[in-house]
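Source file: final_13.cif (mmCIF, C-alpha atoms and all ligand atoms)
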data_coords
#
loop_
_atom_site.label_atom_id
_atom_site.label_comp_id
_atom_site.auth_asym_id
_atom_site.auth_seq_id
_atom_site.Cartn_x
_atom_site.Cartn_y
_atom_site.Cartn_z
CA MET D 1329 -4.63 -27.12 -23.32
CA ILE D 1330 -1.93 -28.11 -20.85
CA ALA D 1331 -2.70 -30.59 -18.12
CA VAL D 1332 -0.27 -30.92 -15.27
CA SER D 1333 -0.80 -34.25 -13.67
CA MET D 1334 0.40 -34.20 -10.10
CA GLY D 1335 1.27 -37.81 -9.79
CA THR D 1336 2.06 -41.18 -11.16
CA TYR D 1337 1.52 -44.37 -9.24
CA CYS D 1338 3.70 -47.40 -8.94
CA VAL D 1339 2.19 -50.02 -11.26
CA GLU D 1340 2.54 -52.71 -8.61
CA CYS D 1341 1.34 -51.15 -5.36
CA HIS D 1342 -0.28 -47.91 -6.58
CA ALA D 1343 1.74 -45.78 -4.18
CA PRO D 1344 2.63 -42.35 -5.54
CA TYR D 1345 6.30 -41.99 -6.33
CA LEU D 1346 8.72 -39.28 -7.21
CA TYR D 1347 10.76 -39.43 -10.36
CA ARG D 1348 14.05 -39.56 -8.56
CA TYR D 1349 12.95 -42.78 -6.83
CA CYS D 1350 12.09 -44.36 -10.13
CA PRO D 1351 10.72 -47.90 -9.53
CA LYS D 1352 12.81 -49.28 -12.35
CA GLU D 1353 15.60 -49.60 -9.81
CA PHE D 1354 13.55 -50.23 -6.67
CA SER D 1355 11.02 -52.54 -5.24
CA CYS D 1356 7.75 -50.94 -4.10
CA ARG D 1357 8.62 -51.57 -0.50
CA SER D 1358 11.67 -49.32 -0.57
CA LEU D 1359 9.66 -46.60 -2.26
CA ILE D 1360 6.99 -46.63 0.39
CA ARG D 1361 9.52 -46.28 3.11
CA ARG D 1362 11.05 -43.27 1.48
CA LEU D 1363 7.77 -41.39 1.09
CA ARG D 1364 6.26 -39.43 3.93
CA GLY D 1365 2.53 -40.04 4.09
CA ARG D 1366 0.35 -40.24 1.00
CA PRO D 1367 -0.66 -36.78 -0.03
CA ASP D 1368 -3.52 -36.45 -2.46
CA LEU D 1369 -2.54 -36.06 -6.06
CA TYR D 1370 -4.29 -33.72 -8.43
CA GLN D 1371 -4.83 -33.15 -12.10
CA VAL D 1372 -4.49 -29.48 -12.99
CA GLN D 1373 -5.88 -28.25 -16.31
CA ILE D 1374 -4.91 -25.01 -17.96
CA GLU D 1375 -6.91 -23.34 -20.71
CA GLN D 1376 -6.42 -19.94 -22.28
CA GLY D 1377 -3.80 -18.95 -19.76
CA ARG D 1378 -5.86 -19.75 -16.67
CA PHE D 1379 -6.35 -22.74 -14.39
CA SER D 1380 -9.56 -24.26 -15.74
CA SER D 1381 -9.94 -27.22 -13.42
CA ILE D 1382 -8.20 -28.80 -10.46
CA SER D 1383 -9.41 -32.25 -9.54
CA LEU D 1384 -8.27 -35.33 -7.69
CA GLN D 1385 -6.14 -37.57 -9.86
CA GLU D 1386 -8.03 -40.68 -10.80
CA ASP D 1387 -5.38 -42.77 -12.47
CA GLY D 1388 -1.66 -42.39 -12.70
CA TYR D 1389 -1.14 -42.23 -16.40
CA CYS D 1390 -0.85 -39.29 -18.69
CA SER D 1391 -1.71 -40.02 -22.23
CA ASP D 1392 -3.32 -37.02 -23.88
CA GLN D 1393 -1.27 -34.69 -25.96
CA GLY D 1394 -0.16 -31.62 -24.10
CA GLU D 1395 -0.05 -33.34 -20.76
CA ILE D 1396 2.85 -33.00 -18.37
CA ASP D 1397 3.37 -35.82 -15.95
CA ALA D 1398 4.61 -34.19 -12.77
CA ARG D 1399 5.12 -37.58 -11.15
CA GLY D 1400 3.97 -36.64 -7.68
CA ARG D 1401 6.11 -33.54 -7.40
CA LEU D 1402 4.95 -30.31 -5.83
CA LEU D 1403 3.19 -27.77 -8.01
CA CYS D 1404 3.58 -24.41 -6.32
CA SER D 1405 2.78 -20.77 -6.94
CA PRO D 1406 5.74 -18.99 -8.56
CA PHE D 1407 8.46 -17.64 -6.30
CA ILE D 1408 8.48 -13.88 -5.74
CA GLU D 1409 11.56 -11.71 -5.25
CA PRO D 1410 10.01 -8.74 -3.42
CA HIS D 1411 13.17 -6.73 -2.74
CA ILE D 1412 16.23 -6.56 -4.96
CA HIS D 1413 18.48 -3.84 -6.37
CA LEU D 1414 18.82 -4.68 -10.07
CA ASP D 1415 20.68 -1.46 -10.90
CA ALA D 1416 23.53 -2.48 -8.58
CA ALA D 1417 23.47 -6.25 -9.18
CA LEU D 1418 26.71 -7.89 -10.37
CA THR D 1419 28.92 -4.91 -9.53
CA ALA D 1420 30.72 -6.44 -6.51
CA GLY D 1421 34.33 -5.26 -6.47
CA GLU D 1422 33.69 -2.36 -8.86
CA PRO D 1423 35.56 -0.08 -8.42
CA ARG D 1424 36.55 -1.64 -5.07
CA TRP D 1425 35.34 -4.24 -2.58
CA ASN D 1426 33.40 -3.34 0.53
CA GLU D 1427 36.03 -4.58 2.96
CA SER D 1428 34.35 -3.51 6.21
CA GLY D 1429 31.09 -5.21 5.28
CA THR D 1430 29.05 -2.28 6.57
CA LEU D 1431 26.00 -0.74 4.94
CA PHE D 1432 27.79 2.61 4.93
CA GLU D 1433 30.89 1.46 3.07
CA GLY D 1434 28.53 -0.22 0.63
CA ILE D 1435 26.80 3.10 -0.01
CA GLU D 1436 30.21 4.76 -0.59
CA CYS D 1437 31.37 2.05 -3.03
CA TRP D 1438 28.06 2.26 -4.87
CA SER D 1439 28.28 6.03 -5.10
CA GLU D 1440 31.64 5.63 -6.92
CA ARG D 1441 30.27 2.94 -9.24
CA LYS D 1442 27.11 4.97 -9.85
CA ALA D 1443 29.17 7.74 -11.46
CA THR D 1444 30.00 5.35 -14.35
CA LEU D 1445 26.48 3.97 -14.94
CA ASN D 1446 24.84 4.00 -18.34
CA ARG D 1447 21.79 2.35 -19.87
CA GLU D 1448 23.67 -0.50 -21.57
CA ASP D 1449 25.61 -1.37 -18.42
CA ILE D 1450 22.43 -1.53 -16.32
CA ARG D 1451 20.48 -3.46 -18.96
CA ARG D 1452 23.18 -6.09 -19.34
CA ARG D 1453 23.50 -6.75 -15.60
CA ALA D 1454 19.78 -6.50 -14.86
CA LEU D 1455 18.97 -8.97 -17.63
CA ARG D 1456 21.59 -11.43 -16.42
CA THR D 1457 20.21 -11.13 -12.89
CA LEU D 1458 16.61 -11.56 -14.03
CA GLU D 1459 17.70 -14.65 -15.93
CA LEU D 1460 19.13 -16.09 -12.71
CA LEU D 1461 15.83 -15.34 -10.98
CA VAL D 1462 13.60 -16.78 -13.72
CA ASN D 1463 15.74 -19.93 -13.79
CA GLN D 1464 15.04 -20.30 -10.07
CA GLY D 1465 11.26 -20.09 -10.50
CA VAL D 1466 10.73 -16.38 -9.90
CA GLN D 1467 7.96 -14.69 -11.91
CA TYR D 1468 7.44 -11.51 -9.87
CA VAL D 1469 10.12 -9.01 -8.89
CA ARG D 1470 10.11 -5.74 -6.99
CA THR D 1471 13.32 -3.88 -7.76
CA HIS D 1472 14.66 -0.72 -6.21
CA ALA D 1473 16.18 1.88 -8.54
CA ASP D 1474 18.47 4.47 -7.02
CA VAL D 1475 17.07 7.94 -7.76
CA SER D 1476 19.89 9.84 -6.01
CA ASP D 1477 21.01 10.58 -9.55
CA PRO D 1478 20.08 13.69 -11.53
CA GLY D 1479 19.81 11.62 -14.76
CA LEU D 1480 17.63 8.88 -13.22
CA VAL D 1481 19.39 6.42 -15.52
CA GLY D 1482 18.72 3.40 -13.28
CA LEU D 1483 15.05 4.17 -12.92
CA ARG D 1484 14.53 4.85 -16.63
CA THR D 1485 16.35 1.68 -17.66
CA LEU D 1486 14.52 -0.55 -15.18
CA CYS D 1487 11.10 0.90 -16.15
CA GLU D 1488 11.98 0.18 -19.79
CA LEU D 1489 12.91 -3.43 -18.95
CA ARG D 1490 9.72 -3.84 -16.89
CA ASP D 1491 7.66 -2.91 -19.95
CA GLU D 1492 9.73 -5.00 -22.35
CA LEU D 1493 9.59 -8.19 -20.28
CA HIS D 1494 5.98 -8.04 -19.10
CA ASP D 1495 4.97 -11.32 -20.79
CA ARG D 1496 7.71 -13.25 -18.97
CA LEU D 1497 7.68 -11.71 -15.53
CA GLN D 1498 6.00 -8.94 -13.62
CA ILE D 1499 8.32 -6.23 -12.34
CA GLN D 1500 7.58 -3.36 -9.96
CA VAL D 1501 10.09 -0.51 -9.86
CA VAL D 1502 10.66 1.45 -6.64
CA ALA D 1503 11.95 5.03 -6.74
CA PHE D 1504 14.59 4.54 -4.05
CA PRO D 1505 16.45 7.63 -2.79
CA GLN D 1506 19.66 5.87 -1.69
CA GLU D 1507 21.27 9.07 -0.40
CA GLY D 1508 18.14 10.56 1.13
CA ILE D 1509 15.19 12.69 0.08
CA PHE D 1510 16.23 15.73 2.11
CA SER D 1511 19.94 14.98 2.50
CA TYR D 1512 20.62 14.80 -1.25
CA PRO D 1513 20.41 17.83 -3.55
CA ASP D 1514 16.92 18.10 -5.11
CA GLY D 1515 16.03 14.72 -3.61
CA LEU D 1516 12.32 15.44 -3.42
CA ALA D 1517 12.16 16.80 -6.98
CA LEU D 1518 13.91 13.62 -8.19
CA MET D 1519 11.27 11.50 -6.44
CA GLU D 1520 8.51 13.47 -8.19
CA GLN D 1521 10.28 13.10 -11.53
CA ALA D 1522 10.69 9.36 -10.93
CA ILE D 1523 6.93 9.03 -10.47
CA GLU D 1524 6.39 10.86 -13.76
CA VAL D 1525 8.82 8.52 -15.52
CA GLY D 1526 6.77 5.56 -14.25
CA ALA D 1527 7.89 4.29 -10.84
CA ASP D 1528 5.27 1.92 -9.38
CA VAL D 1529 6.42 2.31 -5.80
CA VAL D 1530 7.95 5.15 -3.76
CA GLY D 1531 10.74 4.58 -1.25
CA ALA D 1532 12.65 6.37 1.48
CA ILE D 1533 15.68 5.82 3.71
CA PRO D 1534 14.91 7.72 6.92
CA HIS D 1535 17.82 6.28 8.97
CA PHE D 1536 20.26 7.71 6.40
CA GLU D 1537 18.85 11.27 6.45
CA TYR D 1538 21.07 13.70 8.36
CA THR D 1539 18.68 14.13 11.29
CA ARG D 1540 15.74 12.45 12.97
CA GLU D 1541 13.54 15.36 11.83
CA LEU D 1542 14.53 14.93 8.18
CA GLY D 1543 13.90 11.19 8.45
CA GLU D 1544 10.39 11.78 9.76
CA ALA D 1545 9.70 14.44 7.13
CA SER D 1546 10.84 12.03 4.39
CA LEU D 1547 8.27 9.45 5.53
CA LYS D 1548 5.46 11.99 5.54
CA GLU D 1549 6.46 12.99 2.00
CA VAL D 1550 6.43 9.45 0.62
CA ILE D 1551 3.02 8.73 2.07
CA ARG D 1552 1.76 11.98 0.52
CA LEU D 1553 3.36 11.16 -2.86
CA ALA D 1554 1.90 7.65 -2.82
CA ARG D 1555 -1.56 8.94 -1.99
CA ASP D 1556 -1.49 11.77 -4.52
CA HIS D 1557 -0.18 9.57 -7.34
CA ASP D 1558 -1.79 6.26 -6.45
CA ARG D 1559 1.49 4.44 -5.83
CA LEU D 1560 2.67 1.78 -3.38
CA VAL D 1561 5.26 2.50 -0.66
CA ASP D 1562 8.37 0.47 0.22
CA VAL D 1563 10.78 2.06 2.69
CA HIS D 1564 14.30 0.96 3.61
CA CYS D 1565 13.43 1.46 7.26
CA ASP D 1566 15.78 1.37 10.26
CA GLU D 1567 18.45 -0.71 8.50
CA ILE D 1568 20.90 -0.20 11.33
CA ASP D 1569 21.69 -1.77 14.72
CA ASP D 1570 20.84 1.48 16.53
CA PRO D 1571 18.04 0.67 19.04
CA SER D 1572 16.94 4.30 18.98
CA SER D 1573 16.26 4.25 15.24
CA ARG D 1574 12.47 4.30 15.51
CA PHE D 1575 11.25 5.40 12.10
CA LEU D 1576 9.07 2.31 11.79
CA GLU D 1577 6.55 3.76 14.25
CA VAL D 1578 6.32 6.92 12.13
CA LEU D 1579 5.83 4.95 8.91
CA ALA D 1580 3.17 2.70 10.47
CA ALA D 1581 1.29 5.62 12.02
CA GLU D 1582 1.32 7.61 8.75
CA ALA D 1583 0.12 4.54 6.85
CA LEU D 1584 -2.63 4.00 9.41
CA PHE D 1585 -3.83 7.62 9.24
CA ALA D 1586 -3.80 7.53 5.44
CA GLU D 1587 -5.69 4.19 5.56
CA MET D 1588 -3.22 2.60 3.19
CA GLY D 1589 -1.41 0.07 5.38
CA ASP D 1590 -1.82 -2.84 2.98
CA ARG D 1591 -0.08 -0.73 0.29
CA VAL D 1592 2.89 0.08 2.51
CA THR D 1593 5.98 -2.06 3.18
CA ALA D 1594 8.76 -1.68 5.72
CA SER D 1595 11.91 -3.35 4.43
CA HIS D 1596 14.77 -4.49 6.67
CA THR D 1597 13.68 -2.93 10.04
CA THR D 1598 16.83 -4.49 11.49
CA ALA D 1599 16.88 -2.04 14.43
CA MET D 1600 13.84 -3.93 15.74
CA HIS D 1601 16.29 -6.72 16.62
CA SER D 1602 17.82 -4.30 19.15
CA TYR D 1603 14.62 -2.70 20.46
CA ASP D 1604 13.75 -3.18 24.07
CA ASN D 1605 10.99 -5.79 24.53
CA ALA D 1606 8.70 -3.39 26.37
CA TYR D 1607 8.88 -0.93 23.47
CA CYS D 1608 8.27 -3.75 20.98
CA SER D 1609 5.19 -4.81 22.83
CA LYS D 1610 3.74 -1.31 22.45
CA LEU D 1611 4.95 -1.05 18.84
CA PHE D 1612 3.34 -4.31 17.73
CA ARG D 1613 -0.10 -2.96 18.58
CA LEU D 1614 0.42 -0.12 16.11
CA LEU D 1615 1.95 -2.42 13.48
CA LYS D 1616 -1.06 -4.70 13.64
CA HIS D 1617 -3.54 -1.84 13.45
CA SER D 1618 -1.70 -0.29 10.52
CA GLY D 1619 -1.73 -3.49 8.43
CA ILE D 1620 1.65 -2.72 6.85
CA ASN D 1621 3.83 -5.45 5.30
CA PHE D 1622 7.38 -6.45 6.20
CA ILE D 1623 10.31 -7.69 4.16
CA SER D 1624 13.33 -9.26 5.82
CA CYS D 1625 16.55 -9.94 3.88
CA PRO D 1626 18.28 -12.63 5.94
CA THR D 1627 21.50 -13.16 3.99
CA GLU D 1628 22.02 -9.41 3.63
CA SER D 1629 21.26 -8.53 7.24
CA ILE D 1630 23.28 -11.32 8.86
CA HIS D 1631 26.19 -9.99 6.79
CA LEU D 1632 25.76 -6.20 7.17
CA GLN D 1633 24.46 -5.95 10.72
CA GLY D 1634 26.37 -6.58 13.93
CA ARG D 1635 29.45 -5.01 12.31
CA PHE D 1636 30.06 -2.61 15.17
CA ASP D 1637 29.71 -5.33 17.82
CA THR D 1638 32.49 -7.39 19.32
CA TYR D 1639 30.92 -10.30 21.22
CA PRO D 1640 28.14 -11.10 21.68
CA LYS D 1641 27.41 -10.15 18.08
CA ARG D 1642 23.85 -9.33 17.14
CA ARG D 1643 22.16 -11.23 14.32
CA GLY D 1644 20.46 -8.02 13.27
CA LEU D 1645 17.36 -9.48 11.64
CA THR D 1646 13.96 -8.02 12.32
CA ARG D 1647 11.62 -10.08 14.53
CA VAL D 1648 10.22 -12.23 11.75
CA LYS D 1649 8.95 -14.99 14.01
CA GLU D 1650 7.16 -12.59 16.35
CA LEU D 1651 5.70 -10.47 13.54
CA ASP D 1652 4.36 -13.60 11.88
CA ALA D 1653 2.96 -14.94 15.16
CA ALA D 1654 1.17 -11.60 15.64
CA GLY D 1655 -0.57 -12.06 12.28
CA ILE D 1656 1.51 -9.39 10.53
CA ASN D 1657 2.49 -10.11 6.93
CA VAL D 1658 6.21 -10.78 6.51
CA CYS D 1659 8.23 -12.27 3.67
CA PHE D 1660 11.87 -12.91 2.76
CA ALA D 1661 13.95 -11.35 -0.02
CA GLU D 1662 17.51 -11.49 -1.34
CA ASP D 1663 18.13 -7.72 -1.54
CA SER D 1664 21.45 -8.13 -3.37
CA ILE D 1665 23.08 -10.37 -5.89
CA ARG D 1666 26.81 -9.65 -5.93
CA ASP D 1667 26.79 -5.91 -5.32
CA PRO D 1668 28.67 -3.51 -3.00
CA TRP D 1669 26.59 -4.63 -0.04
CA TYR D 1670 26.68 -8.39 -0.49
CA SER D 1671 29.12 -10.28 -2.70
CA LEU D 1672 27.32 -13.61 -3.06
CA GLY D 1673 23.83 -14.64 -4.16
CA ASN D 1674 22.45 -16.58 -7.10
CA GLY D 1675 18.73 -15.89 -7.44
CA LYS D 1676 17.79 -18.94 -5.42
CA LEU D 1677 15.14 -17.88 -2.93
CA LEU D 1678 15.18 -21.32 -1.31
CA ARG D 1679 18.66 -20.44 -0.07
CA THR D 1680 17.40 -17.15 1.36
CA LEU D 1681 14.52 -18.98 3.00
CA ASP D 1682 16.93 -21.52 4.50
CA PHE D 1683 19.03 -18.71 6.05
CA GLY D 1684 15.92 -16.89 7.27
CA LEU D 1685 14.44 -19.89 9.04
CA HIS D 1686 17.76 -20.67 10.72
CA ILE D 1687 18.57 -17.14 11.84
CA CYS D 1688 15.05 -16.41 13.06
CA GLN D 1689 14.86 -19.81 14.79
CA MET D 1690 11.78 -20.84 12.87
CA MET D 1691 12.72 -24.49 12.86
CA GLY D 1692 9.64 -26.21 14.29
CA SER D 1693 7.52 -28.71 12.39
CA VAL D 1694 4.80 -26.10 11.88
CA ASP D 1695 7.39 -23.72 10.39
CA PHE D 1696 8.63 -26.37 7.96
CA ARG D 1697 5.14 -27.31 6.84
CA ARG D 1698 4.46 -23.77 5.60
CA ALA D 1699 7.97 -22.56 4.89
CA LEU D 1700 7.30 -21.67 1.26
CA ASP D 1701 4.68 -19.10 2.34
CA PHE D 1702 7.56 -16.70 3.04
CA ILE D 1703 8.69 -16.63 -0.59
CA THR D 1704 5.25 -17.03 -2.19
CA ASP D 1705 1.89 -16.02 -0.67
CA HIS D 1706 3.22 -13.52 1.87
CA ALA D 1707 5.27 -11.80 -0.79
CA ALA D 1708 2.22 -11.69 -3.08
CA ARG D 1709 0.34 -9.75 -0.40
CA THR D 1710 3.28 -7.38 -0.05
CA LEU D 1711 3.33 -6.68 -3.79
CA GLY D 1712 -0.45 -6.23 -3.84
CA ILE D 1713 -0.91 -9.01 -6.41
CA ALA D 1714 -2.62 -11.62 -4.23
CA SER D 1715 -6.00 -11.49 -5.99
CA ASP D 1716 -4.73 -13.18 -9.17
CA TYR D 1717 -1.95 -15.23 -7.54
CA GLY D 1718 -2.18 -18.85 -6.45
CA ILE D 1719 -3.24 -22.18 -7.86
CA ALA D 1720 -7.03 -22.05 -8.03
CA GLU D 1721 -9.62 -22.42 -10.75
CA GLY D 1722 -10.04 -19.18 -12.69
CA LYS D 1723 -6.72 -17.64 -11.64
CA LEU D 1724 -3.84 -16.94 -14.02
CA ALA D 1725 -2.02 -20.18 -14.77
CA ASN D 1726 1.27 -19.14 -13.20
CA CYS D 1727 3.05 -21.92 -11.33
CA ILE D 1728 6.28 -23.80 -10.84
CA LEU D 1729 7.04 -27.47 -10.45
CA LEU D 1730 9.49 -28.31 -7.67
CA ASP D 1731 11.54 -31.49 -7.50
CA GLY D 1732 10.16 -32.45 -4.11
CA GLU D 1733 7.05 -33.62 -2.37
CA ASP D 1734 6.15 -30.85 0.07
CA ASP D 1735 7.57 -27.72 1.75
CA TYR D 1736 9.81 -29.68 4.11
CA ASP D 1737 11.16 -31.93 1.39
CA VAL D 1738 11.83 -28.97 -0.91
CA LEU D 1739 13.58 -27.07 1.87
CA CYS D 1740 15.73 -30.05 2.92
CA HIS D 1741 16.87 -30.79 -0.60
CA GLN D 1742 16.96 -27.19 -1.81
CA SER D 1743 15.01 -28.72 -4.67
CA ASP D 1744 15.42 -27.66 -8.25
CA VAL D 1745 12.66 -25.82 -10.07
CA LEU D 1746 11.87 -28.11 -12.99
CA LEU D 1747 9.24 -26.05 -14.73
CA SER D 1748 7.98 -22.50 -14.69
CA ILE D 1749 4.62 -21.89 -16.36
CA ARG D 1750 3.33 -18.39 -16.98
CA GLU D 1751 -0.20 -17.87 -18.23
CA GLY D 1752 -0.15 -21.44 -19.49
CA LYS D 1753 3.16 -21.16 -21.36
CA ILE D 1754 6.36 -22.85 -20.30
CA ILE D 1755 8.98 -20.15 -19.72
CA MET D 1756 11.65 -22.36 -18.13
CA GLN D 1757 12.24 -26.08 -17.97
CA ARG D 1758 15.03 -28.09 -16.36
CA GLU D 1759 15.81 -31.80 -16.49
CA PRO D 1760 15.74 -33.45 -13.05
CA ALA D 1761 19.26 -34.03 -11.77
CA HIS D 1762 20.22 -37.63 -11.30
CA ILE D 1763 23.31 -39.41 -10.07
CA VAL D 1764 24.85 -41.45 -12.85
CA THR D 1765 26.17 -44.23 -10.61
CA PRO D 1766 23.95 -44.13 -7.52
CA HIS D 1767 24.84 -45.93 -4.34
CA TYR D 1768 21.70 -47.28 -2.68
CA LEU D 1769 21.56 -48.25 0.95
CA LEU D 1770 17.90 -49.24 0.88
CA GLY D 1771 16.15 -52.03 -0.88
N1 LIG P 1801 21.02 0.05 -0.22
C1 LIG P 1801 20.71 0.09 1.11
O1 LIG P 1801 20.51 1.19 1.68
N2 LIG P 1801 20.61 -1.07 1.79
C2 LIG P 1801 20.84 -2.22 1.19
N3 LIG P 1801 20.74 -3.35 1.91
C3 LIG P 1801 21.17 -2.26 -0.19
C4 LIG P 1801 21.24 -1.09 -0.86
C5 LIG P 1801 21.43 -3.57 -0.88
FE FE2 P 1802 17.50 -2.97 -0.15
#

The structure in this file should be written as C-alpha cells.
Amino acid sequence: MIAVSMGTYCVECHAPYLYRYCPKEFSCRSLIRRLRGRPDLYQVQIEQGRFSSISLQEDGYCSDQGEIDARGRLLCSPFIEPHIHLDAALTAGEPRWNESGTLFEGIECWSERKATLNREDIRRRALRTLELLVNQGVQYVRTHADVSDPGLVGLRTLCELRDELHDRLQIQVVAFPQEGIFSYPDGLALMEQAIEVGADVVGAIPHFEYTRELGEASLKEVIRLARDHDRLVDVHCDEIDDPSSRFLEVLAAEALFAEMGDRVTASHTTAMHSYDNAYCSKLFRLLKHSGINFISCPTESIHLQGRFDTYPKRRGLTRVKELDAAGINVCFAEDSIRDPWYSLGNGKLLRTLDFGLHICQMMGSVDFRRALDFITDHAARTLGIASDYGIAEGKLANCILLDGEDDYDVLCHQSDVLLSIREGKIIMQREPAHIVTPHYLLG
C-alpha cells in the first residue's frame, strides 16, 4: 500500500507548509505570510493500483512504511499530451531548417526527411521524446503518425511502441494523412490499411486537399471510417489564416449527424481566429450541438500562423476563451518537439499552458484557479478516457505530485513534477530543487 499524505504541519503553529519553505530556516510567522489561504490537506491511500481512500489529513506526520509525505504539495491528475507528432519529433534541421516558418515549408522539409525514415530512426526519437514527456508528468499521449507513406513505417512503429509501453503510459495513434486523403496517391487505401494495422484514431487535413470539394469529401470519409471501424476522429482542421477555410462546420455537422461528437476532435482550427464574428456566432451553435472537442497548440500556432501578414500580425490561435465560455471542451497541446514545424519544445506542458493563457488572454483570477484543467481533465475528455481518470476513490491510481500549492502557484513557478505514479507504482521521481545559498528577504 502507498499512502500519499498531502501535508505536513509546522510543529509550532500547525500551519501547513511546503518543503521549499522548510521551517528549519524560518520562523512560523514568515511561513504563514508566504502561504495563500489554508487549503485542506488530504491523505490519499492506494491499494492494488487504485485509489482506495481519500480522507482529510488528521495529523501531519507520516510514519507507516510505504508512505510518501507530500508536504502540502499539490497532487494532481497526470498531464496529458493530446496532440503530438512523434514520428517527426527531434528532426529539426534535417535535412534543412524551415526558414520561412510556414506550415507549408514545414510539410516540404518533412517530405524530404520522410524519404529517409526507418523503424530504428523513429523508435529512437519517439522514445527520447516520450522520455521527455514522462519526466514532465505526462502519462497519456495522442500521437499522429503520417500515413502519406506507402510503407506506413511511422504508423507501424508507433503502434508497436504503444503496445510495448502500455504499462508506463497510454498512447493513442492517429492515422494522419499529412499530404491529403484525396490529394495523395492511394491516400484512402492507406487510411484503410492504417486502421487494419491498428490505428486508434483517424485523421484528415481538409485545408491541404487540392480543392474545397476534396476537403469536404475527406471529412465525410473519415467519419464513415470511424463509424465502420469503431475508431475516434482527430482532424487537423483549418490550420491556416484563411478566413474562408470553413471545414470545421462540415466536420461538426458530420459528427452531429453520425451522433459521435464526443468521439471527434478538431485540432488547430486556427482559421477561426480570422472568421467574421457574425459567422462565428452562427457556427458556435452548431459546435455546441455537435459536442465535438477542440485542441489548440499555442506555441505551434503563434509561430506558424500570421506568416503572411505584415502588421498588424494575427496571433492565429483558435478562440479558446470563447469556446470554453460556451461550454465546449477545449484543451492545449504541444504538437511538435523540435521538428520541421517548430524547432523548440521540451515536453513541458506547463510551458504550453503558459503560452496559451497569455495568447488567448485568459489571465483572470478564475482562469488561474482552474488553469490545469486545460492540460488534464479537458484533454481526458478529448481522448475519451475520462471515466477512469482523476483522483477519486475506486479510480486507477494515476497521479502526479507538483512542487506547488495550487494551480496558480504551479503556473507562476512552472513547478517541477516531483513524482509520477501509475497504477500505484512510481514511474518517475525528482528531488525538489533548492538554492544552495538562499538569500531571504523575509523573516
Ligand atoms: N503537420 C501539420 O499539418 N501541422 C502541424 N502543425 C504539424 C504537422 C506539426
Ligand atoms: Fe499537428

Take every atom of ligand LIG 1801 (chain P) listed in the file, pad by 8 Å on each side, and give me the axis-aligned box centre and edge lengths in Å, one decimal, as lines of an AutoDock Vina configuration file.
center_x = 21.0
center_y = -1.2
center_z = 0.5
size_x = 16.9
size_y = 20.8
size_z = 18.8

Which is closer to Ser1748 in chain D than all the others in D:Arg1643, D:His1596, D:Arg1453, D:Arg1496, using all atoms listed in the file?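 Between D:Arg1643, D:His1596, D:Arg1453, D:Arg1496, the residue approaching Ser1748 in chain D most closely is D:Arg1496.
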
My list of candidates is D:Ala1443, D:Ile1703, D:Ile1656, D:Ala1473. Which is closest to ligand FE2 1802 (chain P) when distances are computed with all atoms listed in the file?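 Smallest distance to ligand FE2 1802 (chain P) is found for D:Ala1473.
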
Report as a ChimeraX atom specification all protein, DNA and RNA residues lying within 7 Å of Gln1633 in chain D, evaluated on all atoms listed in the file, omitting residues in the same chain fewer than 2 positions from it. /D:1568-1569,1629-1631,1635,1643-1644

So how many Å separate CA of Leu1493 in chain D and CA of Leu1458 in chain D, to one decimal?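 Going from CA of Leu1493 in chain D over to CA of Leu1458 in chain D, I get 10.0 Å.
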
For Arg1484 in chain D, find every residue with an atom within 9 Å (counting all atoms listed in the file), except residues of its own chain fewer than 6 positions away, and show them as a count of residues only. 6
